[in-house]
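Beneath this line is the structure, given in structure tokens, with notes to follow.
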Amino acid sequence: MPDSALSNSPIVAAYRQKTAGSEALAKRALASFPSGITHDSRHLEPYGVYIDRADGARKWDVDGNEYVDYFGGHGALILGHNHPDVAAAVHAAYAKGTHFGASHALEVEWAEQVLSMVPCAEKIRFTSSGTEATLMAVRLARAYTKRSKILRFRTHFHGWNDHMAPGQANHYDGTATAGVLDGVAAGVVLVDPNDRDGVTAALAAGDIAGIILEPTGSSTGMVPTAPGFLAFLREATEAAGALLIFDEVVTGFRVAPGGAQAALGVTPDLATYAKIIAGGLPGGAVAGKADIFDLLDFEKARAGGFEKIGHQGTYNANPVAAAAGLTALRLIATTAACDRANAFGDAMRARLNQAIREAGLAWAAYGEHSAVHVFTNPAARAGIGPDSFDPLALPFMELKGNAPGVAQKLRLAMLLNGVDMNGWPGGTISAAHGPRELDETDAAFRSAIAMLKAEGVV
Ligand SMILES: Cc1ncc(COP(=O)(O)O)c(C=O)c1O
């Protein structure tokens, strides 16, 4: 956004006034980090808020401002910030040492807990992040099928490893993004979301080792997966001898205790995890059919005469992360946490849509489960509104877009009104979000829309 749009904006001026401590840190950070940030999604103009502490569904910035939080640790915190049981487990594990350089009991219990919850999980390996998990899933698929290509869907996000870069936010033609080898990009086949013909043609062309997707759709349902598409993929991959991989880094243990595969009734060959699986600490995993995991097994490789896939990682199954993950997963398995977050999602979508209706905007709040998206209608299409909204009827790139300045100003205006919404715009919900958060979010959204109107943004 041009500087003049920032300097002439009452929203930006009020934001600067309210967040002077954040601005000072953001200026300092520029000397250390490119763009002053450590994760691309934290990029916000003029700068993002610096958070000091968090609890339940709320967080507080360095200037003492309080926010209802819809980032939830990038989706990791379905139980909310600082769940007392998770915090106690972390403190107890920390007191015993943070790294043993050896196997430990908690990793076994943690694995057993995942295997008891996830339909596809017969075996598991822990990693340190979701990016590592999808990297491992791709390598397993290639080695297992002895084929070279991975089919991905445009705009679906699977972390930042080389195979997952082209076609996620750019290079939709499949060419290599900056720093990625052409040969790696050539090993990725990109297909549009929900494009059955594209999948069929790619599988018929041969050499597809596996298909990976976010099961509820790109960016946790911003581009939703069409009804029946997962079952189609299951059948098509089985017929073609390719693996089906669900990236459940966000949906796992969120849409249901068993993840999207349990909620939607389609069992993949492999699933990748991070975020909730580690209870809000760094960690990830790949889980799936046992015979695929033979490829990581010293004894099976020796007996079978095949080459084992190497797998290292200093922080794999770190004991503190294991304690957090195990405790969080047990709570998710034995309480109505997912149902509570999903019900809040329904209520929040309804309340935001009512505000959109009353404001007369051609927008819509949508999404499934505990993910909320706000469509701000970048192409200014006629006939868009909360009552008739069908995201599957729109081009997927339009669902991913926003009119210039709208998402950024909406985010700042929501922050000014005490809500930290994701820049989609939208967010993920936790089981700690309750009626007070719903009322405050509704009021903040209405006030933010009024600010956008006053500024001529909408
Ligand atoms: C669907 C999905 N897959 C993979 C990843 C990458 O996980 P991580 O950030 O732990 O590397 C993310 C992270 O947001 C994600 O949303």
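By convention in this document, the chains of the structure tokens carry letters A, B, ... by their order, each chain's residues are numbered from 1, and ligands are numbered from 1 in the order they are shown.
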
Check: Which protein, DNA or RNA residues have an atom within 6 Å of ligand 1, counting only C-alpha atoms and all ligand atoms, as number ranges by chain?
Finding: A: 129-131, 157-159, 214, 247, 249-250, 274

Per residue of region 71-148 of chain A within 12 Å of region 341-353 of chain A, which atom pair is closest and at what distance in Å (one decimal), using only C-alpha atoms, listed by chain and increasing number, as JSON lines?
```
{"residue": "A:Gly72", "atom": "CA", "partner": "A:Ala341", "partner_atom": "CA", "distance": 11.7}
{"residue": "A:Gly75", "atom": "CA", "partner": "A:Ala341", "partner_atom": "CA", "distance": 11.7}
{"residue": "A:Leu77", "atom": "CA", "partner": "A:Ala341", "partner_atom": "CA", "distance": 10.8}
{"residue": "A:Ile78", "atom": "CA", "partner": "A:Ala341", "partner_atom": "CA", "distance": 7.5}
{"residue": "A:Leu79", "atom": "CA", "partner": "A:Ala341", "partner_atom": "CA", "distance": 8.9}
{"residue": "A:Gly80", "atom": "CA", "partner": "A:Ala341", "partner_atom": "CA", "distance": 10.1}
```

Note to self: Which of region 233-370 of chain A end up as alpha helix (DSSP H) when DSSP is run on this backbone - answer as a ChimeraX atom specification?
What the structure shows: /A:233-240,259-264,290-293,298-304,319-334,337-359

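The residues of region 288-440 of chain A that DSSP assigns to strand (DSSP E or B) on this backbone come out as A:Gly288, A:Ala364, A:Ala365, A:Tyr366, A:Ala371, A:Val372, A:His373, A:Val374, A:Phe375, A:Val419, A:Asp420, A:Asn422, A:Gly426, A:Gly427, A:Thr428.
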
Which polymer residues have any atom within 7 Å of an atom of Val191 (chain A), counting only C-alpha atoms, with same-chain residues fewer than 2 positions away left out, as a PDB file with C-alpha atoms, in the first residue's frame?
```pdb
ATOM      1  CA  ARG A 152      -0.519 -30.584  -5.184  1.00  0.00           C
ATOM      2  CA  PHE A 153      -3.421 -28.165  -5.435  1.00  0.00           C
ATOM      3  CA  ARG A 154      -2.858 -24.521  -6.258  1.00  0.00           C
ATOM      4  CA  VAL A 189       2.269 -31.341 -10.640  1.00  0.00           C
ATOM      5  CA  PRO A 193      -8.615 -27.147  -6.193  1.00  0.00           C
ATOM      6  CA  ASP A 195     -10.549 -30.202 -10.356  1.00  0.00           C
ATOM      7  CA  GLY A 198      -7.081 -32.313 -13.727  1.00  0.00           C
ATOM      8  CA  VAL A 199      -6.430 -35.055 -11.181  1.00  0.00           C
TER       9      VAL A 199
END
```

Next item on the list: Grab the CA of Ser218 (chain A) to CA of Met397 (chain A) distance for me, in Å with one decimal place.
Entry: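 Atom-to-atom, CA of Ser218 (chain A) and CA of Met397 (chain A) are spaced 10.6 Å apart.
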
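Within 10 Å of Asp387 (chain A), once only C-alpha atoms are used and residues closer than 6 positions along the same chain are dropped, the contacting residues are A:Asn353, A:Gln354, A:Arg357, A:Ala364.
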